[in-house]
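Enquirer: So here's work04.txt (compact mmCIF, C-alpha atoms).
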```
# COMPACT_ATOMS: atom_id res chain seq x y z
CA MET A 5 -9.40 2.41 -16.72
CA ILE A 6 -8.96 -0.83 -18.60
CA GLU A 7 -9.33 -3.89 -16.39
CA ASN A 8 -6.11 -5.42 -15.00
CA THR A 9 -3.86 -2.64 -16.23
CA VAL A 10 -1.25 -0.24 -15.01
CA ILE A 11 -1.22 3.26 -16.45
CA ILE A 12 2.33 4.50 -16.90
CA ALA A 13 3.08 8.11 -17.74
CA GLY A 14 5.85 8.63 -20.26
CA PHE A 15 6.02 4.98 -21.27
CA PRO A 16 5.33 3.92 -24.85
CA GLY A 17 1.89 2.31 -24.89
CA SER A 18 1.00 3.94 -21.58
CA THR A 19 -1.49 1.25 -20.63
CA LEU A 20 0.04 -2.16 -20.01
CA PRO A 21 -1.27 -5.42 -18.62
CA MET A 22 -0.34 -5.60 -14.93
CA ASN A 23 2.05 -8.50 -15.42
CA ALA A 24 3.83 -6.70 -18.28
CA PHE A 25 5.57 -3.98 -16.26
CA VAL A 26 8.88 -5.68 -15.70
CA ILE A 27 12.20 -3.85 -15.89
CA ASP A 28 15.87 -4.72 -15.97
CA ALA A 29 16.52 -3.10 -12.60
CA TYR A 30 20.26 -2.65 -13.11
CA GLU A 31 19.85 -1.04 -16.54
CA PHE A 32 17.03 1.15 -15.19
CA CYS A 33 19.37 2.41 -12.45
CA ARG A 34 22.37 2.79 -14.78
CA LEU A 35 20.33 4.95 -17.16
CA LYS A 36 18.75 6.85 -14.23
CA GLU A 37 15.31 6.25 -15.68
CA ARG A 38 12.07 7.41 -14.10
CA ARG A 39 8.53 6.11 -14.53
CA GLN A 40 5.29 7.11 -12.89
CA GLY A 41 1.68 6.13 -13.15
CA GLN A 42 -1.38 4.83 -11.38
CA ILE A 43 -2.56 1.41 -10.32
CA ALA A 44 -6.11 0.44 -9.38
CA VAL A 45 -6.51 -1.24 -6.00
CA ALA A 46 -8.98 -3.67 -7.62
CA ASP A 47 -6.17 -4.90 -9.88
CA SER A 48 -3.95 -5.75 -6.92
CA ALA A 49 -5.01 -9.06 -5.38
CA ARG A 50 -3.27 -8.72 -2.00
CA LEU A 51 -4.03 -5.02 -1.52
CA SER A 52 -7.68 -5.29 -2.58
CA GLY A 53 -8.09 -8.03 0.03
CA GLU A 54 -7.27 -5.45 2.70
CA CYS A 55 -9.51 -2.68 1.36
CA VAL A 56 -13.21 -2.13 1.94
CA ASP A 57 -13.63 -0.06 -1.24
CA LYS A 58 -11.84 -1.55 -4.24
CA SER A 59 -12.31 1.54 -6.46
CA ALA A 60 -9.32 3.49 -5.12
CA VAL A 61 -6.33 4.30 -7.30
CA LEU A 62 -2.75 4.68 -6.09
CA SER A 63 -0.23 6.98 -7.74
CA TRP A 64 3.37 5.81 -7.92
CA SER A 65 6.76 6.76 -9.25
CA ILE A 66 10.05 4.91 -9.47
CA GLU A 67 13.42 6.40 -10.18
CA GLY A 68 16.73 4.66 -10.78
CA GLY A 69 20.15 5.88 -9.77
CA ASN A 70 23.12 5.06 -7.59
CA SER A 71 23.63 5.29 -3.86
CA GLY A 72 26.43 7.31 -2.32
CA LEU A 73 28.42 4.05 -2.09
CA GLY A 74 27.92 3.28 -5.78
CA PHE A 75 25.23 0.61 -5.48
CA ALA A 76 22.30 0.54 -7.90
CA GLN A 77 19.35 2.20 -6.17
CA LEU A 78 15.63 2.58 -6.80
CA THR A 79 13.49 5.26 -5.14
CA LEU A 80 9.85 4.17 -5.00
CA THR A 81 7.02 6.52 -4.04
CA VAL A 82 3.42 5.37 -3.54
CA SER A 83 0.53 7.63 -2.54
CA GLY A 84 -3.23 7.63 -2.45
CA SER A 85 -6.22 7.16 -0.20
CA ILE A 86 -7.69 3.72 0.49
CA SER A 87 -10.59 2.53 2.64
CA LEU A 88 -9.83 0.01 5.37
CA LEU A 89 -12.04 -1.58 8.02
CA CYS A 90 -12.01 0.26 11.37
CA GLN A 91 -11.22 -2.28 14.07
CA ARG A 92 -13.40 -0.47 16.60
CA CYS A 93 -16.68 0.17 14.77
CA LEU A 94 -16.23 -2.14 11.74
CA THR A 95 -17.05 0.60 9.22
CA SER A 96 -14.98 2.06 6.41
CA CYS A 97 -12.04 4.18 7.51
CA ALA A 98 -10.02 6.31 5.07
CA PHE A 99 -6.26 5.84 5.22
CA ASN A 100 -3.80 7.97 3.28
CA ILE A 101 -0.72 6.23 1.95
CA ALA A 102 2.27 8.52 1.47
CA SER A 103 5.30 6.29 1.30
CA GLU A 104 8.78 6.63 -0.13
CA SER A 105 11.39 3.88 -0.01
CA ILE A 106 14.99 3.69 -1.06
CA LEU A 107 15.82 0.23 -2.36
CA ILE A 108 19.46 -0.76 -2.85
CA LEU A 109 19.90 -3.60 -5.35
CA ALA A 110 22.06 -6.60 -4.46
CA LYS A 111 23.21 -9.49 -6.66
CA ASP A 112 21.93 -12.19 -4.30
CA ASP A 113 20.87 -12.79 -0.69
CA VAL A 114 24.44 -13.03 0.61
CA HIS A 115 25.37 -9.76 -1.09
CA ALA A 116 22.17 -8.18 0.33
CA ASP A 117 23.20 -9.16 3.86
CA GLU A 118 26.68 -7.69 3.29
CA ILE A 119 25.24 -4.40 2.03
CA GLU A 120 22.77 -4.18 4.95
CA ALA A 121 25.61 -4.69 7.45
CA MET A 122 27.68 -2.04 5.65
CA LEU A 123 24.83 0.52 5.55
CA ASP A 124 23.47 -0.10 9.06
CA ASP A 125 20.48 2.13 8.17
CA ASP A 126 16.89 0.94 8.73
CA ALA A 127 15.55 3.65 6.39
CA ILE A 128 17.16 1.93 3.39
CA ASP A 129 15.99 -1.49 2.25
CA VAL A 130 18.21 -3.90 0.35
CA ILE A 131 16.55 -6.21 -2.16
CA VAL A 132 17.87 -8.70 -4.66
CA GLY A 133 17.84 -7.01 -8.06
CA SER A 134 16.86 -8.70 -11.26
CA LYS A 135 16.85 -8.25 -15.01
CA ALA A 136 13.11 -8.97 -14.75
CA LEU A 137 11.97 -6.97 -11.70
CA ASP A 138 8.18 -6.76 -11.33
CA ILE A 139 7.39 -3.13 -10.53
CA VAL A 140 3.72 -3.84 -9.80
CA ALA A 141 4.74 -6.26 -7.03
CA LEU A 142 7.03 -3.59 -5.55
CA ILE A 143 4.22 -1.03 -5.60
CA GLU A 144 1.83 -3.46 -3.96
CA ASP A 145 4.42 -4.40 -1.31
CA GLU A 146 5.07 -0.74 -0.54
CA ALA A 147 1.34 -0.03 -0.11
CA LEU A 148 0.84 -3.08 2.11
CA LEU A 149 3.80 -2.15 4.31
CA ALA A 150 2.34 1.34 4.79
CA ILE A 151 -0.94 -0.02 6.23
CA PRO A 152 -1.03 -0.14 10.05
CA LEU A 153 -1.77 -3.45 11.77
CA SER A 154 -4.91 -2.11 13.40
CA ILE A 155 -6.56 0.98 11.96
CA LYS A 156 -9.20 2.92 13.90
CA HIS A 157 -11.06 6.17 13.43
CA GLU A 158 -9.97 8.91 15.82
CA VAL A 159 -13.67 9.18 16.63
CA CYS A 160 -15.87 6.53 15.10
CA PRO A 161 -18.78 8.02 13.12
CA ASP A 162 -21.50 5.94 14.78
CA VAL A 163 -20.27 6.26 18.38
CA ALA A 164 -22.80 8.98 19.20
CA ALA A 165 -25.70 6.85 17.95
CA ILE A 166 -24.43 3.83 19.88
CA ASP A 167 -24.09 5.92 23.06
CA VAL A 168 -27.68 7.19 22.74
CA LEU A 169 -28.99 3.67 22.24
CA SER A 170 -27.04 2.26 25.17
CA ARG A 171 -28.28 5.05 27.49
CA ALA A 172 -31.91 4.70 26.46
CA LYS A 173 -34.00 2.96 29.08
CA LYS A 174 -34.76 -0.49 27.87
CA SER A 175 -38.02 -1.98 28.94
CA SER A 176 -37.96 -5.40 30.44
CA PRO A 177 -40.24 -8.06 29.01
CA PHE A 178 -41.51 -8.51 32.58
CA ASP A 179 -42.80 -4.92 32.66
CA VAL A 180 -45.74 -6.11 30.56
CA LEU A 181 -46.53 -8.78 33.17
CA LYS A 182 -46.42 -6.20 35.99
CA ARG A 183 -49.09 -4.15 34.25
CA LEU A 184 -51.48 -7.12 33.98
CA ASN A 185 -52.34 -7.01 37.70
```
Starting from the file, give its structure as structure tokens.

Expert:
Amino acid sequence: MIENTVIIAGFPGSTLPMNAFVIDAYEFCRLKERRQGQIAVADSARLSGECVDKSAVLSWSIEGGNSGLGFAQLTLTVSGSISLLCQRCLTSCAFNIASESILILAKDDVHADEIEAMLDDDAIDVIVGSKALDIVALIEDEALLAIPLSIKHEVCPDVAAIDVLSRAKKSSPFDVLKRLN
């Protein structure tokens, strides 16, 4: 993979600089376009800061359309496996991201609040749309929101070794003095 790039399937020049994947969100929805690709965790500043192993790659897809109420809508899917730091044993812990979000586009913050009140559905997010919407930022946000606050292994890999060490009889430094008599 070329450094600092997003690979986009079905997009002319399928490898773009990360900051170059910007769409007119309303036009994208009107035309019911769809894009998909991959993004390297190492190329995502905020996400790579959370990961132990920066070599992971996330797959994503975004599809435009309209909601049942006629609002412009994006469906964003992000998936892949990343390595996070286990909060119990402080070793690498694999976490699978499998996230899909429905994003309704609003003209501004006031309009977004009106739409949210109308929908009254926590499964649908309302964002302010733009003629220059950064898809990479949306992908990164979606991945970050999927990460739990505190990740832990179900059973930490080194727990058995730690248990054996803690049960082993430790000799006291004074045992040496006792033997001198």

Enquirer: Extract, using all atoms listed in the file, all DNA, RNA and protein residues at most 9 Å from stretch 100-115 of chain A, discarding same-chain residues fewer than 4 positions from it, and format them as a PyMOL selection string.

Expert: chain A and resi 29-30+62+70-71+75-87+119-120+127-134+146-147+150-151

Enquirer: Let me make sure I understand: among A:Gln91, A:Arg34, A:Phe99, A:Arg39, which one has the smallest atom-to-atom distance to A:Ala60 if we use only C-alpha atoms?

Expert: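 Residue with the minimum atom-to-atom distance to A:Ala60: A:Phe99.
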
Enquirer: So which residues touch stretch 141-145 of chain A within 10 Å, counting all atoms listed in the file, skipping near sequence neighbours fewer than 6 positions away, as a list of chain:residue names?

Expert: A:Met22, A:Asn23, A:Phe25, A:Val26, A:Gln42, A:Ile43, A:Val45, A:Ser48, A:Ala49, A:Arg50, A:Leu51, A:Ser52, A:Leu62, A:Ser63, A:Trp64, A:Ser65, A:Ile66, A:Leu80, A:Thr81, A:Val82, A:Ser83

Enquirer: Quick check, in Å to one decimal: how far apart do atom CA of A:Glu158 and atom CA of A:Ala46 lie?

Expert: 26.6 Å

Enquirer: Could you jot down the atom CA of A:Cys160 to atom CA of A:Ala98 separation for me, Å, one decimal place?

Expert: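 So the answer is 11.6 Å.
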
Enquirer: Work out how far atom CA of A:Ile139 is from atom CA of A:Glu31, in Å to one decimal.

Expert: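 Distance between the two atoms: 14.0 Å.
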
Enquirer: In terms of the shortest atom-to-atom distance over all atoms listed in the file, which of A:Met122, A:Leu137, A:Leu149, A:Ile155 is closest to A:Ser96?

Expert: A:Ile155

Enquirer: Go through A:Val140, A:Ala121, A:Ala44, A:Ala116 and flag the residue nearest A:Val61, using only C-alpha atoms for the distances.

Expert: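 Among the listed residues, A:Ala44 lies closest to A:Val61.
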